[in-house]
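**Student:** Sharing a structure, written as structure tokens. Questions coming.
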Amino acid sequence: MALAERCAARGVVFRYGLEIEGLAATGERISGIRLAGGEMLAADVCVAALGSYTPLLLRPLGLRLPVYPAKGYSATIALDADSVAPP
Ligand SMILES: Cc1cc2nc3c(=O)[nH]c(=O)nc-3n(C[C@H](O)[C@H](O)[C@H](O)COP(=O)(O)OP(=O)(O)OC[C@H]3O[C@@H](n4cnc5c(N)ncnc54)[C@H](O)[C@@H]3O)c2cc1C
């Protein structure tokens, strides 16, 4: 909250409670962010930070992120010998 206050003091505008419906792309660049209700936001740079929903947002653009929601505090993953760093 303190960081947000400092950013706002320097001119950052936060818009809370909006739902992103999708992204518009022109060639390989994201040209707009489409909000529920139809509003389109344009930006020079976009940061996709929707947590576990991020892959769903990017998939229509052909981008596949290895981000998966998981339950629990540990995961057991089988590694092959090449994946393990030498001692
Ligand atoms: C029950 C639980 C306990 C946890 N405990 C810990 C812990 O003790 N320590 C720890 O380090 N981590 C913990 N985590 C993990 C931690 O919460 C996540 O790693 C972290 O919140 C990820 O941050 P993020 O900003 O990437 O995504 P998130 O915090 O998931 O933020 C993504 C945001 O995007 C928003 N969003 C999604 N889709 C849209 C859309 N279409 N339009 C607009 N907004 C959208 C969501 O509402 C959310 O506010 C826990 C997670 C859970 C579920």
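Letters A, B, ... go to the chains of the structure tokens in the order shown; residues in each chain start at 1; ligands are counted from 1 in the same order.
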Show me which residues line ligand 1, defined as having an atom within 12 Å of a ligand atom where only C-alpha atoms and all ligand atoms count, and present them as JSON, numbers by chain.
**Tutor:** {"A": [15, 16, 17, 18, 19, 20, 21, 22, 23, 33, 34, 35, 36, 37, 47, 48, 49, 50, 51, 52, 53, 54, 55, 56, 57, 58, 67, 68, 69, 70, 71, 72, 73, 74]}
**Student:** What would the file look like if the residues just selected were written as a short mmCIF file (atom, residue, chain, number, x, y, z; two decimals), in the first residue's frame with N, CA and C atoms?
**Tutor:**
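After the write, out-v2.cif holds the following:
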data_model
loop_
_atom_site.label_atom_id
_atom_site.label_comp_id
_atom_site.auth_asym_id
_atom_site.auth_seq_id
_atom_site.Cartn_x
_atom_site.Cartn_y
_atom_site.Cartn_z
N ARG A 15 -6.29 1.59 -11.50
CA ARG A 15 -7.71 1.37 -11.77
C ARG A 15 -8.06 -0.01 -11.23
N TYR A 16 -8.77 -0.03 -10.14
CA TYR A 16 -9.07 -1.29 -9.46
C TYR A 16 -10.43 -1.83 -9.90
N GLY A 17 -10.61 -3.13 -9.71
CA GLY A 17 -11.92 -3.73 -9.89
C GLY A 17 -12.34 -3.91 -11.33
N LEU A 18 -11.39 -3.84 -12.25
CA LEU A 18 -11.73 -4.02 -13.66
C LEU A 18 -11.39 -5.44 -14.08
N GLU A 19 -12.17 -5.95 -15.02
CA GLU A 19 -11.89 -7.30 -15.53
C GLU A 19 -11.30 -7.21 -16.93
N ILE A 20 -10.14 -7.83 -17.10
CA ILE A 20 -9.53 -7.89 -18.43
C ILE A 20 -10.16 -9.06 -19.17
N GLU A 21 -10.67 -8.75 -20.35
CA GLU A 21 -11.33 -9.80 -21.12
C GLU A 21 -10.39 -10.44 -22.13
N GLY A 22 -9.45 -9.65 -22.63
CA GLY A 22 -8.52 -10.20 -23.61
C GLY A 22 -7.54 -9.15 -24.08
N LEU A 23 -6.65 -9.58 -24.94
CA LEU A 23 -5.63 -8.69 -25.49
C LEU A 23 -5.81 -8.60 -27.00
N ILE A 33 -5.59 -3.63 -24.52
CA ILE A 33 -6.14 -4.50 -23.48
C ILE A 33 -7.64 -4.27 -23.47
N ARG A 34 -8.39 -5.33 -23.71
CA ARG A 34 -9.84 -5.21 -23.80
C ARG A 34 -10.47 -5.53 -22.44
N LEU A 35 -11.21 -4.54 -21.91
CA LEU A 35 -11.86 -4.72 -20.61
C LEU A 35 -13.29 -5.20 -20.81
N ALA A 36 -13.80 -5.88 -19.78
CA ALA A 36 -15.21 -6.25 -19.80
C ALA A 36 -16.00 -4.95 -19.89
N GLY A 37 -16.96 -4.89 -20.76
CA GLY A 37 -17.70 -3.66 -20.98
C GLY A 37 -17.27 -3.00 -22.27
N VAL A 47 2.39 -5.60 -18.75
CA VAL A 47 2.89 -6.64 -17.85
C VAL A 47 1.72 -7.56 -17.54
N ALA A 48 1.85 -8.81 -17.89
CA ALA A 48 0.79 -9.78 -17.61
C ALA A 48 1.04 -10.39 -16.24
N ALA A 49 0.20 -10.04 -15.27
CA ALA A 49 0.42 -10.49 -13.88
C ALA A 49 -0.90 -10.94 -13.29
N LEU A 50 -1.53 -11.91 -13.96
CA LEU A 50 -2.83 -12.41 -13.51
C LEU A 50 -2.69 -13.71 -12.71
N GLY A 51 -1.50 -13.93 -12.16
CA GLY A 51 -1.28 -15.16 -11.40
C GLY A 51 -1.54 -16.36 -12.29
N SER A 52 -2.26 -17.34 -11.75
CA SER A 52 -2.47 -18.60 -12.48
C SER A 52 -3.39 -18.41 -13.69
N TYR A 53 -4.01 -17.24 -13.82
CA TYR A 53 -4.87 -16.97 -14.99
C TYR A 53 -4.07 -16.43 -16.18
N THR A 54 -2.81 -16.10 -15.95
CA THR A 54 -2.01 -15.49 -17.02
C THR A 54 -1.94 -16.36 -18.28
N PRO A 55 -1.73 -17.68 -18.16
CA PRO A 55 -1.67 -18.48 -19.40
C PRO A 55 -2.97 -18.42 -20.20
N LEU A 56 -4.10 -18.31 -19.50
CA LEU A 56 -5.39 -18.26 -20.21
C LEU A 56 -5.50 -16.97 -21.02
N LEU A 57 -4.96 -15.89 -20.47
CA LEU A 57 -5.02 -14.61 -21.18
C LEU A 57 -4.14 -14.63 -22.42
N LEU A 58 -2.98 -15.28 -22.30
CA LEU A 58 -1.99 -15.23 -23.39
C LEU A 58 -2.20 -16.31 -24.44
N VAL A 67 2.75 -22.09 -16.44
CA VAL A 67 2.25 -21.67 -15.12
C VAL A 67 1.00 -22.49 -14.83
N TYR A 68 1.00 -23.21 -13.72
CA TYR A 68 -0.13 -24.06 -13.37
C TYR A 68 -0.54 -23.79 -11.93
N PRO A 69 -1.82 -23.62 -11.68
CA PRO A 69 -2.25 -23.54 -10.29
C PRO A 69 -2.07 -24.90 -9.64
N ALA A 70 -1.62 -24.92 -8.40
CA ALA A 70 -1.43 -26.19 -7.71
C ALA A 70 -1.84 -26.03 -6.25
N LYS A 71 -2.29 -27.10 -5.68
CA LYS A 71 -2.72 -27.08 -4.29
C LYS A 71 -1.63 -27.75 -3.46
N GLY A 72 -1.36 -27.22 -2.28
CA GLY A 72 -0.38 -27.86 -1.41
C GLY A 72 0.89 -27.06 -1.34
N TYR A 73 1.77 -27.45 -0.43
CA TYR A 73 2.96 -26.67 -0.16
C TYR A 73 4.23 -27.31 -0.67
N SER A 74 4.13 -28.48 -1.32
CA SER A 74 5.33 -29.08 -1.89
C SER A 74 4.94 -29.85 -3.14
#
**Student:** Considering only alpha helix (DSSP H) as DSSP defines it on the backbone, what residues of segment 33-81 of chain A qualify? List them as a list in words.
**Tutor:**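 The alpha helix (DSSP H) residues within segment 33-81 of chain A come out as Thr54, Pro55, Leu56, Leu57 and Leu58 of chain A.
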**Student:** Could you save those same residues with N, CA, C and O atoms as a compact mmCIF listing (two decimals), in the first residue's frame?
**Tutor:**
# COMPACT_ATOMS: atom_id res chain seq x y z
N THR A 54 -2.81 -16.10 -15.95
CA THR A 54 -2.01 -15.49 -17.02
C THR A 54 -1.94 -16.36 -18.28
O THR A 54 -2.11 -15.84 -19.39
N PRO A 55 -1.73 -17.68 -18.16
CA PRO A 55 -1.67 -18.48 -19.40
C PRO A 55 -2.97 -18.42 -20.20
O PRO A 55 -2.93 -18.45 -21.42
N LEU A 56 -4.10 -18.31 -19.50
CA LEU A 56 -5.39 -18.26 -20.21
C LEU A 56 -5.50 -16.97 -21.02
O LEU A 56 -6.05 -16.95 -22.12
N LEU A 57 -4.96 -15.89 -20.47
CA LEU A 57 -5.02 -14.61 -21.18
C LEU A 57 -4.14 -14.63 -22.42
O LEU A 57 -4.49 -14.05 -23.46
N LEU A 58 -2.98 -15.28 -22.30
CA LEU A 58 -1.99 -15.23 -23.39
C LEU A 58 -2.20 -16.31 -24.44
O LEU A 58 -1.70 -16.20 -25.56
**Student:** Please measure the separation of atom CA of Gly62 of chain A and atom CA of Gly27 of chain A, giving the value in Å to one decimal.
**Tutor:**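 Computed distance, atom CA of Gly62 of chain A to atom CA of Gly27 of chain A, equals 11.9 Å.
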**Student:** As number ranges by chain, please: all residues of chain A that backbone DSSP puts in strand (DSSP E or B).
**Tutor:** A: 20-26, 29-35, 40-41
**Student:** Can you measure atom CA of Leu63 of chain A to atom CA of Thr76 of chain A for me? One decimal in Å is fine.
**Tutor:**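 Interatomic distance here is 26.4 Å.
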